[in-house]
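S.K.: Structure below; questions to follow.
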Amino acid sequence: MGLNMSSSISEISKEVLLDMYYKMILIRRFEEKVVELYRAGEIPGIAHGYIGEEAVAVGVCSALRKDDYILSTHRGHGHSLAKGIHPRYLMAELFGRKTGVCKGIGGSMHSTEPEVGVIFSSAIVGGNIPIAVGVALAMKMQRRDNVVVSFFGDGATNTGAFHEALNLASIWKLPVIFVCENNFYAISTHVSRSVAAKEIADRAVAYNIPGKVVDGNDVIEVYKTTLEAVERARRGEGPTLIEARTYRWLDHGMYYLGPYRPKEEVEAWKQRCPIKRLKDLLLSKGIVAEDVLVNIERRVEEEIEDAVKFARESEEPDLDFVKQFVYVR
Ligand SMILES: Cc1ncc(C[n+]2csc(CCOP(=O)(O)OP(=O)(O)O)c2C)c(N)n1
């Protein structure tokens with residue numbers, strides 16, 4: 001973890017920093033609302049929260065262009081919002097409404113909107129990684145300079161798909177960035193019980209690509225490391241593996257799995273809240289006055305209320321509507 005949050009902030013524009021703050025707050029409030037609505041029985045199906053991990057999605061997506069692509073996972077709300085999906089259409093998707101990003105028939109784990117670069121999301125652990133390589137191959141074959149990011153968890157790095165994908169991406173020097181969100185647990189299994197490598201980033205060595213460990217609760221470090229990987233990819237030099245160390249504050253999903261994590265560990269990570277860290281930095285460096293941040297927080301509260309109202313008032317898809325999207329030979 002090479003970069004230091006406060007020393008490297010001066011090179012980033014105020015506009016970008018404020019957008020990062022806005023997006024992190026947006027994700028946090030969105031997820032808090034999802035927990036509330038899920039427990040109240042308003043959101044059907046299952047959902048996996050991103051609270052605590054906001055700096056990864058926001059740091060990475062802030063380093064991308066709108067026409068770059070990301071591929072997401074079962075824990076994807078943060079990725080979608082960070083890349084630019086409007087909270088209204090994501091909330092409506094979670095509610096299973098026709099106005100959702102996938103017309104209400106994808107749900108929490110499949111949010112996709114190619115117009116803003118969210119090209120695919122998969123609940124199959126490791127499933128999006130080879131598909132990201134395929135998208136990157138398409139970019140290369142079409143001589144486009146777009147970069148592709150695959151987000152996945154620590155558990156996904158134990159799948160064959162991860163290893164096959166990194167190998168091929170390296171051999172073909174594809175413009176793809178592999179972002180491992182290492183939150184230390186795959187459901188209740190700690191990484192030390194499932195990953196043989198000393199560090200997940202070390203797995204890059206086998207594929208002759210850079211493997212970098214970053215503090216995933218430091219949005220500036222995530223952003224800068226991603227920028228380097230993006231430049232490398234656009235230069236045609238191939239992929240990078242970034243291991244962003246972070247922590248999920250909630251349980252794996254919306255249900256309680258039991259005490260597999262020490263309470264002190266959870267508390268220690270909460271003390272390292274990525275949003276508070278950015279806020280403290282912006283204020284201590286005199287980059288913005290507090291009322292600017294308070295206004296952003298207010299704006300987000302309104303946007304979340306608006307998204308819930310929009311979702312609640314939207315129509316549910318009926319059977320005839322759903323049938324239009326079923327493939328029949
Ligand atoms: C191929 C496959 N195996 C098992 C599962 C069940 N499953 C869902 S999430 C999960 C853990 C994923 O852990 P990780 O990749 O570290 O991501 P995190 O949930 O920590 O973000 C598992 C095993 C699945 N969805 N897909």
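Ordering of the structure tokens sets the chain letters (A, B, ...), residue numbers begin anew at 1 in every chain, and ligands are numbered from 1 in the order given.
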Using only C-alpha atoms and all ligand atoms, find each protein or nucleic acid residue lying at most 8 Å from ligand 1; present the set as a list in words.
M.R.: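 What falls inside 8 Å of ligand 1 is His48, Thr73, His74, Arg75, Ala123, Ile124, Val125, Gly126, Gly127, Phe152, Gly153, Asp154, Gly155, Ala156, Thr157, Thr159, Glu181, Asn182, Asn183, Phe184, Tyr185, Ala186, Ile187, Arg248 and His252 of chain A.
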S.K.: Go ahead and write the selection's residues with C-alpha atoms as a PDB file, in the first residue's frame.
M.R.:
ATOM      1  CA  HIS A  48     -25.910  -8.016  -0.591  1.00  0.00           C
ATOM      2  CA  THR A  73     -21.109  -9.197  -8.991  1.00  0.00           C
ATOM      3  CA  HIS A  74     -23.816 -10.208  -6.513  1.00  0.00           C
ATOM      4  CA  ARG A  75     -22.584  -7.262  -4.374  1.00  0.00           C
ATOM      5  CA  ALA A 123     -24.219 -13.741  -9.254  1.00  0.00           C
ATOM      6  CA  ILE A 124     -21.996 -16.662 -10.253  1.00  0.00           C
ATOM      7  CA  VAL A 125     -18.872 -16.176  -8.146  1.00  0.00           C
ATOM      8  CA  GLY A 126     -16.003 -15.515 -10.583  1.00  0.00           C
ATOM      9  CA  GLY A 127     -18.492 -15.557 -13.463  1.00  0.00           C
ATOM     10  CA  PHE A 152     -14.981  -9.564  -7.798  1.00  0.00           C
ATOM     11  CA  GLY A 153     -14.377 -10.728  -4.235  1.00  0.00           C
ATOM     12  CA  ASP A 154     -11.520 -12.604  -2.590  1.00  0.00           C
ATOM     13  CA  GLY A 155     -13.505 -15.849  -2.840  1.00  0.00           C
ATOM     14  CA  ALA A 156     -13.715 -15.484  -6.624  1.00  0.00           C
ATOM     15  CA  THR A 157      -9.926 -15.678  -6.920  1.00  0.00           C
ATOM     16  CA  THR A 159     -12.253 -20.184  -9.077  1.00  0.00           C
ATOM     17  CA  GLU A 181     -12.400  -6.475  -3.359  1.00  0.00           C
ATOM     18  CA  ASN A 182     -10.727  -8.363  -0.560  1.00  0.00           C
ATOM     19  CA  ASN A 183     -13.137  -8.027   2.347  1.00  0.00           C
ATOM     20  CA  PHE A 184     -11.464 -11.064   3.942  1.00  0.00           C
ATOM     21  CA  TYR A 185     -14.536 -13.304   3.930  1.00  0.00           C
ATOM     22  CA  ALA A 186     -16.347 -15.386   1.319  1.00  0.00           C
ATOM     23  CA  ILE A 187     -19.651 -15.714   3.171  1.00  0.00           C
ATOM     24  CA  ARG A 248     -18.189  -5.186   4.649  1.00  0.00           C
ATOM     25  CA  HIS A 252     -22.903 -11.431   3.728  1.00  0.00           C
TER      26      HIS A 252
END
S.K.: Neighbouring residues of Ile275 (chain A) were defined as those with any atom within 12 Å, considering only C-alpha atoms; residues of the same chain fewer than 2 positions away were excluded. Please report them as a ChimeraX atom specification.
M.R.: /A:17-18,20-29,51-56,58-59,216-220,270-273,277-282,293,297
S.K.: Find the residues near Ala132 (chain A): any atom within 10 Å, counting only C-alpha atoms, skip ones fewer than 3 places away on the same chain, and give them as a list in words.
M.R.: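 Surrounding residues, per the criterion: Tyr69, Ile70, Leu71, Ser72, Ile119, Phe120, Gly127, Asn128, Ile129, Val135, Ala136, Leu137, Ala138, Val147, Val148, Val149, Ser150, Phe151, Ala165, Ala169, Leu174, Pro175, Val176, Ile177 and Phe178 of chain A.
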S.K.: Assign secondary structure with DSSP using the backbone only, and return the residues of region 99-267 of chain A in helix (DSSP H, G or I) as a JSON list (two decimals) with N, CA and C atoms, in the first residue's frame.
M.R.:
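Writing done, so here's result-v8.json:
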[["chain", "number", "residue", "atom", "x", "y", "z"],
["A", 108, "SER", "N", -31.58, -7.43, -7.79],
["A", 108, "SER", "CA", -30.39, -6.87, -7.14],
["A", 108, "SER", "C", -29.07, -7.32, -7.75],
["A", 109, "MET", "N", -28.99, -8.58, -8.17],
["A", 109, "MET", "CA", -27.68, -9.12, -8.56],
["A", 109, "MET", "C", -27.37, -9.02, -10.05],
["A", 110, "HIS", "N", -28.27, -8.38, -10.81],
["A", 110, "HIS", "CA", -28.04, -8.34, -12.27],
["A", 110, "HIS", "C", -28.19, -6.95, -12.85],
["A", 114, "PRO", "N", -25.76, -0.71, -20.27],
["A", 114, "PRO", "CA", -24.62, -0.50, -21.16],
["A", 114, "PRO", "C", -24.36, 0.97, -21.48],
["A", 115, "GLU", "N", -25.42, 1.81, -21.51],
["A", 115, "GLU", "CA", -25.24, 3.24, -21.86],
["A", 115, "GLU", "C", -24.27, 3.94, -20.92],
["A", 116, "VAL", "N", -24.23, 3.51, -19.66],
["A", 116, "VAL", "CA", -23.27, 4.14, -18.74],
["A", 116, "VAL", "C", -22.09, 3.20, -18.46],
["A", 128, "ASN", "N", -18.05, -13.20, -13.86],
["A", 128, "ASN", "CA", -17.88, -12.06, -14.78],
["A", 128, "ASN", "C", -16.43, -11.94, -15.28],
["A", 129, "ILE", "N", -15.50, -12.65, -14.65],
["A", 129, "ILE", "CA", -14.08, -12.40, -14.97],
["A", 129, "ILE", "C", -13.73, -12.81, -16.40],
["A", 130, "PRO", "N", -14.04, -14.04, -16.84],
["A", 130, "PRO", "CA", -13.76, -14.36, -18.24],
["A", 130, "PRO", "C", -14.59, -13.55, -19.22],
["A", 131, "ILE", "N", -15.79, -13.12, -18.81],
["A", 131, "ILE", "CA", -16.62, -12.31, -19.71],
["A", 131, "ILE", "C", -15.96, -10.94, -19.90],
["A", 132, "ALA", "N", -15.36, -10.41, -18.83],
["A", 132, "ALA", "CA", -14.63, -9.14, -18.95],
["A", 132, "ALA", "C", -13.48, -9.27, -19.95],
["A", 133, "VAL", "N", -12.85, -10.42, -19.93],
["A", 133, "VAL", "CA", -11.76, -10.67, -20.88],
["A", 133, "VAL", "C", -12.31, -10.69, -22.31],
["A", 134, "GLY", "N", -13.48, -11.27, -22.47],
["A", 134, "GLY", "CA", -14.13, -11.28, -23.79],
["A", 134, "GLY", "C", -14.47, -9.87, -24.26],
["A", 135, "VAL", "N", -14.98, -9.04, -23.35],
["A", 135, "VAL", "CA", -15.31, -7.65, -23.71],
["A", 135, "VAL", "C", -14.01, -6.91, -24.09],
["A", 136, "ALA", "N", -12.96, -7.15, -23.32],
["A", 136, "ALA", "CA", -11.67, -6.49, -23.61],
["A", 136, "ALA", "C", -11.12, -6.95, -24.95],
["A", 137, "LEU", "N", -11.33, -8.23, -25.27],
["A", 137, "LEU", "CA", -10.88, -8.73, -26.58],
["A", 137, "LEU", "C", -11.65, -8.02, -27.70],
["A", 138, "ALA", "N", -12.95, -7.83, -27.47],
["A", 138, "ALA", "CA", -13.76, -7.11, -28.47],
["A", 138, "ALA", "C", -13.22, -5.69, -28.65],
["A", 139, "MET", "N", -12.85, -5.03, -27.56],
["A", 139, "MET", "CA", -12.31, -3.66, -27.66],
["A", 139, "MET", "C", -11.05, -3.66, -28.51],
["A", 140, "LYS", "N", -10.20, -4.64, -28.25],
["A", 140, "LYS", "CA", -8.93, -4.70, -28.98],
["A", 140, "LYS", "C", -9.18, -4.98, -30.47],
["A", 141, "MET", "N", -10.08, -5.94, -30.74],
["A", 141, "MET", "CA", -10.34, -6.30, -32.14],
["A", 141, "MET", "C", -10.99, -5.15, -32.91],
["A", 155, "GLY", "N", -13.10, -14.46, -2.60],
["A", 155, "GLY", "CA", -13.50, -15.85, -2.84],
["A", 155, "GLY", "C", -13.41, -16.20, -4.32],
["A", 156, "ALA", "N", -13.71, -15.23, -5.17],
["A", 156, "ALA", "CA", -13.72, -15.48, -6.62],
["A", 156, "ALA", "C", -12.32, -15.81, -7.15],
["A", 157, "THR", "N", -11.28, -15.41, -6.42],
["A", 157, "THR", "CA", -9.93, -15.68, -6.92],
["A", 157, "THR", "C", -9.53, -17.14, -6.75],
["A", 158, "ASN", "N", -10.44, -17.93, -6.13],
["A", 158, "ASN", "CA", -10.18, -19.37, -6.02],
["A", 158, "ASN", "C", -10.89, -20.16, -7.11],
["A", 160, "GLY", "N", -11.58, -21.41, -11.02],
["A", 160, "GLY", "CA", -10.80, -21.65, -12.24],
["A", 160, "GLY", "C", -10.97, -20.50, -13.22],
["A", 161, "ALA", "N", -12.18, -19.92, -13.22],
["A", 161, "ALA", "CA", -12.47, -18.83, -14.15],
["A", 161, "ALA", "C", -11.48, -17.68, -13.97],
["A", 162, "PHE", "N", -11.16, -17.36, -12.74],
["A", 162, "PHE", "CA", -10.21, -16.27, -12.45],
["A", 162, "PHE", "C", -8.87, -16.57, -13.11],
["A", 163, "HIS", "N", -8.36, -17.78, -12.91],
["A", 163, "HIS", "CA", -7.01, -18.13, -13.38],
["A", 163, "HIS", "C", -6.96, -18.21, -14.91],
["A", 164, "GLU", "N", -7.98, -18.79, -15.50],
["A", 164, "GLU", "CA", -8.02, -18.88, -16.97],
["A", 164, "GLU", "C", -8.10, -17.49, -17.57],
["A", 165, "ALA", "N", -8.89, -16.65, -16.95],
["A", 165, "ALA", "CA", -9.11, -15.29, -17.48],
["A", 165, "ALA", "C", -7.83, -14.47, -17.40],
["A", 166, "LEU", "N", -7.13, -14.53, -16.27],
["A", 166, "LEU", "CA", -5.90, -13.73, -16.14],
["A", 166, "LEU", "C", -4.84, -14.21, -17.12],
["A", 167, "ASN", "N", -4.78, -15.52, -17.30],
["A", 167, "ASN", "CA", -3.78, -16.07, -18.22],
["A", 167, "ASN", "C", -4.01, -15.55, -19.64],
["A", 168, "LEU", "N", -5.25, -15.68, -20.10],
["A", 168, "LEU", "CA", -5.55, -15.28, -21.48],
["A", 168, "LEU", "C", -5.39, -13.77, -21.66],
["A", 169, "ALA", "N", -5.85, -13.02, -20.69],
["A", 169, "ALA", "CA", -5.76, -11.55, -20.78],
["A", 169, "ALA", "C", -4.31, -11.10, -20.87],
["A", 170, "SER", "N", -3.44, -11.81, -20.16],
["A", 170, "SER", "CA", -2.02, -11.45, -20.18],
["A", 170, "SER", "C", -1.39, -11.82, -21.52],
["A", 171, "ILE", "N", -1.66, -13.05, -21.97],
["A", 171, "ILE", "CA", -1.11, -13.52, -23.25],
["A", 171, "ILE", "C", -1.50, -12.57, -24.38],
["A", 191, "VAL", "N", -10.19, -15.57, 4.33],
["A", 191, "VAL", "CA", -9.22, -15.81, 3.24],
["A", 191, "VAL", "C", -8.08, -16.73, 3.66],
["A", 192, "SER", "N", -7.68, -16.65, 4.91],
["A", 192, "SER", "CA", -6.54, -17.47, 5.35],
["A", 192, "SER", "C", -6.86, -18.97, 5.27],
["A", 193, "ARG", "N", -8.15, -19.29, 5.18],
["A", 193, "ARG", "CA", -8.55, -20.70, 5.08],
["A", 193, "ARG", "C", -8.81, -21.13, 3.64],
["A", 200, "ILE", "N", -3.35, -11.94, -2.19],
["A", 200, "ILE", "CA", -4.09, -12.21, -3.44],
["A", 200, "ILE", "C", -3.37, -11.57, -4.62],
["A", 201, "ALA", "N", -2.80, -10.37, -4.40],
["A", 201, "ALA", "CA", -2.08, -9.68, -5.50],
["A", 201, "ALA", "C", -0.92, -10.54, -6.02],
["A", 202, "ASP", "N", -0.36, -11.41, -5.16],
["A", 202, "ASP", "CA", 0.75, -12.28, -5.59],
["A", 202, "ASP", "C", 0.32, -13.22, -6.72],
["A", 203, "ARG", "N", -0.97, -13.47, -6.82],
["A", 203, "ARG", "CA", -1.44, -14.40, -7.85],
["A", 203, "ARG", "C", -1.15, -13.85, -9.25],
["A", 204, "ALA", "N", -0.92, -12.54, -9.35],
["A", 204, "ALA", "CA", -0.61, -11.92, -10.64],
["A", 204, "ALA", "C", 0.73, -12.41, -11.18],
["A", 205, "VAL", "N", 1.64, -12.78, -10.29],
["A", 205, "VAL", "CA", 2.98, -13.20, -10.69],
["A", 205, "VAL", "C", 2.89, -14.37, -11.67],
["A", 206, "ALA", "N", 1.97, -15.28, -11.41],
["A", 206, "ALA", "CA", 1.84, -16.47, -12.25],
["A", 206, "ALA", "C", 1.44, -16.10, -13.68],
["A", 207, "TYR", "N", 0.87, -14.92, -13.86],
["A", 207, "TYR", "CA", 0.40, -14.51, -15.18],
["A", 207, "TYR", "C", 1.20, -13.35, -15.75],
["A", 219, "VAL", "N", -9.98, 6.13, -0.80],
["A", 219, "VAL", "CA", -10.48, 6.35, -2.17],
["A", 219, "VAL", "C", -9.41, 6.96, -3.07],
["A", 220, "ILE", "N", -8.53, 7.77, -2.48],
["A", 220, "ILE", "CA", -7.49, 8.42, -3.29],
["A", 220, "ILE", "C", -6.48, 7.38, -3.79],
["A", 221, "GLU", "N", -6.11, 6.48, -2.91],
["A", 221, "GLU", "CA", -5.14, 5.44, -3.30],
["A", 221, "GLU", "C", -5.75, 4.50, -4.35],
["A", 222, "VAL", "N", -7.01, 4.16, -4.16],
["A", 222, "VAL", "CA", -7.67, 3.29, -5.15],
["A", 222, "VAL", "C", -7.72, 4.00, -6.50],
["A", 223, "TYR", "N", -8.09, 5.27, -6.47],
["A", 223, "TYR", "CA", -8.21, 6.08, -7.71],
["A", 223, "TYR", "C", -6.87, 6.15, -8.44],
["A", 224, "LYS", "N", -5.82, 6.50, -7.71],
["A", 224, "LYS", "CA", -4.51, 6.68, -8.37],
["A", 224, "LYS", "C", -3.96, 5.37, -8.92],
["A", 225, "THR", "N", -4.15, 4.32, -8.17],
["A", 225, "THR", "CA", -3.65, 3.02, -8.64],
["A", 225, "THR", "C", -4.44, 2.58, -9.88],
["A", 226, "THR", "N", -5.74, 2.85, -9.88],
["A", 226, "THR", "CA", -6.55, 2.50, -11.04],
["A", 226, "THR", "C", -6.13, 3.33, -12.26],
["A", 227, "LEU", "N", -5.86, 4.62, -12.03],
["A", 227, "LEU", "CA", -5.43, 5.47, -13.15],
["A", 227, "LEU", "C", -4.19, 4.88, -13.83],
["A", 228, "GLU", "N", -3.24, 4.42, -13.03],
["A", 228, "GLU", "CA", -2.03, 3.81, -13.61],
["A", 228, "GLU", "C", -2.38, 2.58, -14.43],
["A", 229, "ALA", "N", -3.29, 1.77, -13.88],
["A", 229, "ALA", "CA", -3.69, 0.55, -14.59],
["A", 229, "ALA", "C", -4.43, 0.89, -15.88],
["A", 230, "VAL", "N", -5.23, 1.95, -15.83],
["A", 230, "VAL", "CA", -5.99, 2.39, -17.01],
["A", 230, "VAL", "C", -5.00, 2.85, -18.10],
["A", 231, "GLU", "N", -4.02, 3.63, -17.69],
["A", 231, "GLU", "CA", -3.04, 4.13, -18.68],
["A", 231, "GLU", "C", -2.29, 2.96, -19.33],
["A", 232, "ARG", "N", -1.90, 2.02, -18.49],
["A", 232, "ARG", "CA", -1.20, 0.83, -19.01],
["A", 232, "ARG", "C", -2.08, 0.08, -20.01],
["A", 233, "ALA", "N", -3.35, -0.09, -19.64],
["A", 233, "ALA", "CA", -4.28, -0.81, -20.52],
["A", 233, "ALA", "C", -4.48, -0.05, -21.83],
["A", 234, "ARG", "N", -4.65, 1.27, -21.75],
["A", 234, "ARG", "CA", -4.88, 2.06, -22.98],
["A", 234, "ARG", "C", -3.62, 2.08, -23.87],
["A", 263, "LYS", "N", -16.19, -9.40, 17.06],
["A", 263, "LYS", "CA", -16.82, -8.07, 17.16],
["A", 263, "LYS", "C", -15.78, -6.95, 17.06],
["A", 264, "GLU", "N", -14.62, -7.19, 17.69],
["A", 264, "GLU", "CA", -13.57, -6.15, 17.71],
["A", 264, "GLU", "C", -13.08, -5.88, 16.29],
["A", 265, "GLU", "N", -13.04, -6.95, 15.48],
["A", 265, "GLU", "CA", -12.58, -6.78, 14.09],
["A", 265, "GLU", "C", -13.56, -5.89, 13.32],
["A", 266, "VAL", "N", -14.84, -6.15, 13.50],
["A", 266, "VAL", "CA", -15.86, -5.36, 12.80],
["A", 266, "VAL", "C", -15.75, -3.90, 13.26],
["A", 267, "GLU", "N", -15.62, -3.71, 14.57],
["A", 267, "GLU", "CA", -15.54, -2.35, 15.12],
["A", 267, "GLU", "C", -14.30, -1.63, 14.61]]
S.K.: Quick one: which region 79-119 of chain A residues come within 8 Å of region 31-45 of chain A, and what is the nearest atom pair for each with the distance in Å to one decimal, counting only C-alpha atoms, rows ordered by chain and ascending number, as CSV?
M.R.:
residue,atom,partner,partner_atom,distance
A:Leu94,CA,A:Ile43,CA,6.3
A:Phe95,CA,A:Ile43,CA,5.2
A:Gly96,CA,A:Pro44,CA,7.5
A:Gly107,CA,A:Gly45,CA,7.7
A:Ser108,CA,A:Gly45,CA,8.0
S.K.: Write out, as a PDB file, in the first residue's frame, the residues just selected, with N, CA and C atoms.
M.R.:
ATOM      1  N   LEU A  94     -34.554  -3.176  -7.913  1.00  0.00           N
ATOM      2  CA  LEU A  94     -34.614  -3.952  -6.669  1.00  0.00           C
ATOM      3  C   LEU A  94     -36.061  -4.243  -6.258  1.00  0.00           C
ATOM      4  N   PHE A  95     -36.944  -3.299  -6.552  1.00  0.00           N
ATOM      5  CA  PHE A  95     -38.362  -3.481  -6.242  1.00  0.00           C
ATOM      6  C   PHE A  95     -39.041  -4.428  -7.243  1.00  0.00           C
ATOM      7  N   GLY A  96     -38.339  -4.747  -8.337  1.00  0.00           N
ATOM      8  CA  GLY A  96     -38.931  -5.610  -9.366  1.00  0.00           C
ATOM      9  C   GLY A  96     -39.949  -4.882 -10.223  1.00  0.00           C
ATOM     10  N   GLY A 107     -33.287  -7.881 -11.000  1.00  0.00           N
ATOM     11  CA  GLY A 107     -33.147  -7.822  -9.547  1.00  0.00           C
ATOM     12  C   GLY A 107     -31.785  -7.342  -9.094  1.00  0.00           C
ATOM     13  N   SER A 108     -31.585  -7.430  -7.788  1.00  0.00           N
ATOM     14  CA  SER A 108     -30.389  -6.873  -7.140  1.00  0.00           C
ATOM     15  C   SER A 108     -29.065  -7.325  -7.748  1.00  0.00           C
TER      16      SER A 108
END
S.K.: List the spatial neighbours of region 304-312 of chain A as a list of chain:residue names - criterion: any atom at most 9 Å away, only C-alpha atoms, same-chain residues fewer than 2 positions off excluded.
M.R.: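 Near region 304-312 of chain A, the qualifying residues are A:Leu26, A:Arg29, A:Phe30, A:Lys33, A:Glu42, A:His86, A:Pro87, A:Arg88, A:Tyr89, A:Leu90, A:Met91, A:Ala92, A:Glu93, A:Leu94, A:Phe95, A:Gly96, A:Arg97, A:Thr99, A:Gly100, A:Arg299, A:Val300, A:Glu301, A:Glu302, A:Ser314, A:Glu315.
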S.K.: Let me see the file: selected residues, C-alpha atoms, as a PDB file, in the first residue's frame.
M.R.:
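Once written, out_29.pdb looks like this:
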ATOM      1  CA  LEU A  26     -25.002   8.070  -2.384  1.00  0.00           C
ATOM      2  CA  ARG A  29     -27.481   6.025   1.966  1.00  0.00           C
ATOM      3  CA  PHE A  30     -28.805   3.821  -0.824  1.00  0.00           C
ATOM      4  CA  LYS A  33     -32.320   2.365   2.712  1.00  0.00           C
ATOM      5  CA  GLU A  42     -40.780  -4.171   0.459  1.00  0.00           C
ATOM      6  CA  HIS A  86     -29.374   6.578 -11.627  1.00  0.00           C
ATOM      7  CA  PRO A  87     -30.599   5.593  -8.137  1.00  0.00           C
ATOM      8  CA  ARG A  88     -34.220   5.715  -9.363  1.00  0.00           C
ATOM      9  CA  TYR A  89     -33.674   2.961 -11.914  1.00  0.00           C
ATOM     10  CA  LEU A  90     -31.551   0.844  -9.598  1.00  0.00           C
ATOM     11  CA  MET A  91     -34.098   1.107  -6.773  1.00  0.00           C
ATOM     12  CA  ALA A  92     -36.917   0.252  -9.190  1.00  0.00           C
ATOM     13  CA  GLU A  93     -34.930  -2.805 -10.275  1.00  0.00           C
ATOM     14  CA  LEU A  94     -34.614  -3.952  -6.669  1.00  0.00           C
ATOM     15  CA  PHE A  95     -38.362  -3.481  -6.242  1.00  0.00           C
ATOM     16  CA  GLY A  96     -38.931  -5.610  -9.366  1.00  0.00           C
ATOM     17  CA  ARG A  97     -40.644  -2.806 -11.295  1.00  0.00           C
ATOM     18  CA  THR A  99     -38.930   1.030 -14.774  1.00  0.00           C
ATOM     19  CA  GLY A 100     -35.872  -0.741 -13.353  1.00  0.00           C
ATOM     20  CA  ARG A 299     -29.017  16.340  -1.854  1.00  0.00           C
ATOM     21  CA  VAL A 300     -28.366  12.600  -1.502  1.00  0.00           C
ATOM     22  CA  GLU A 301     -31.114  12.210   1.143  1.00  0.00           C
ATOM     23  CA  GLU A 302     -33.548  13.814  -1.317  1.00  0.00           C
ATOM     24  CA  SER A 314     -43.789   2.187 -10.768  1.00  0.00           C
ATOM     25  CA  GLU A 315     -45.746  -0.595 -12.408  1.00  0.00           C
TER      26      GLU A 315
END
S.K.: Restricting the calculation to only C-alpha atoms, which member of A:Pro274, A:Pro317, A:Pro239, A:Pro259 is positioned closest to Gly106 (chain A)?
M.R.: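 Ranked by minimum distance to Gly106 (chain A), first place goes to A:Pro317.
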S.K.: Using only C-alpha atoms, which residue out of A:Lys173, A:Lys103, A:Lys66, A:His77 lies closest to Gly49 (chain A)?
M.R.: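 Closest residue, counting only C-alpha atoms: A:His77.
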S.K.: Smallest atom-to-atom distance to Cys180 (chain A): which of A:Ser194, A:Asn146, A:Thr246, A:Ser122, using only C-alpha atoms?
M.R.: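 Residue with the minimum atom-to-atom distance to Cys180 (chain A): A:Thr246.
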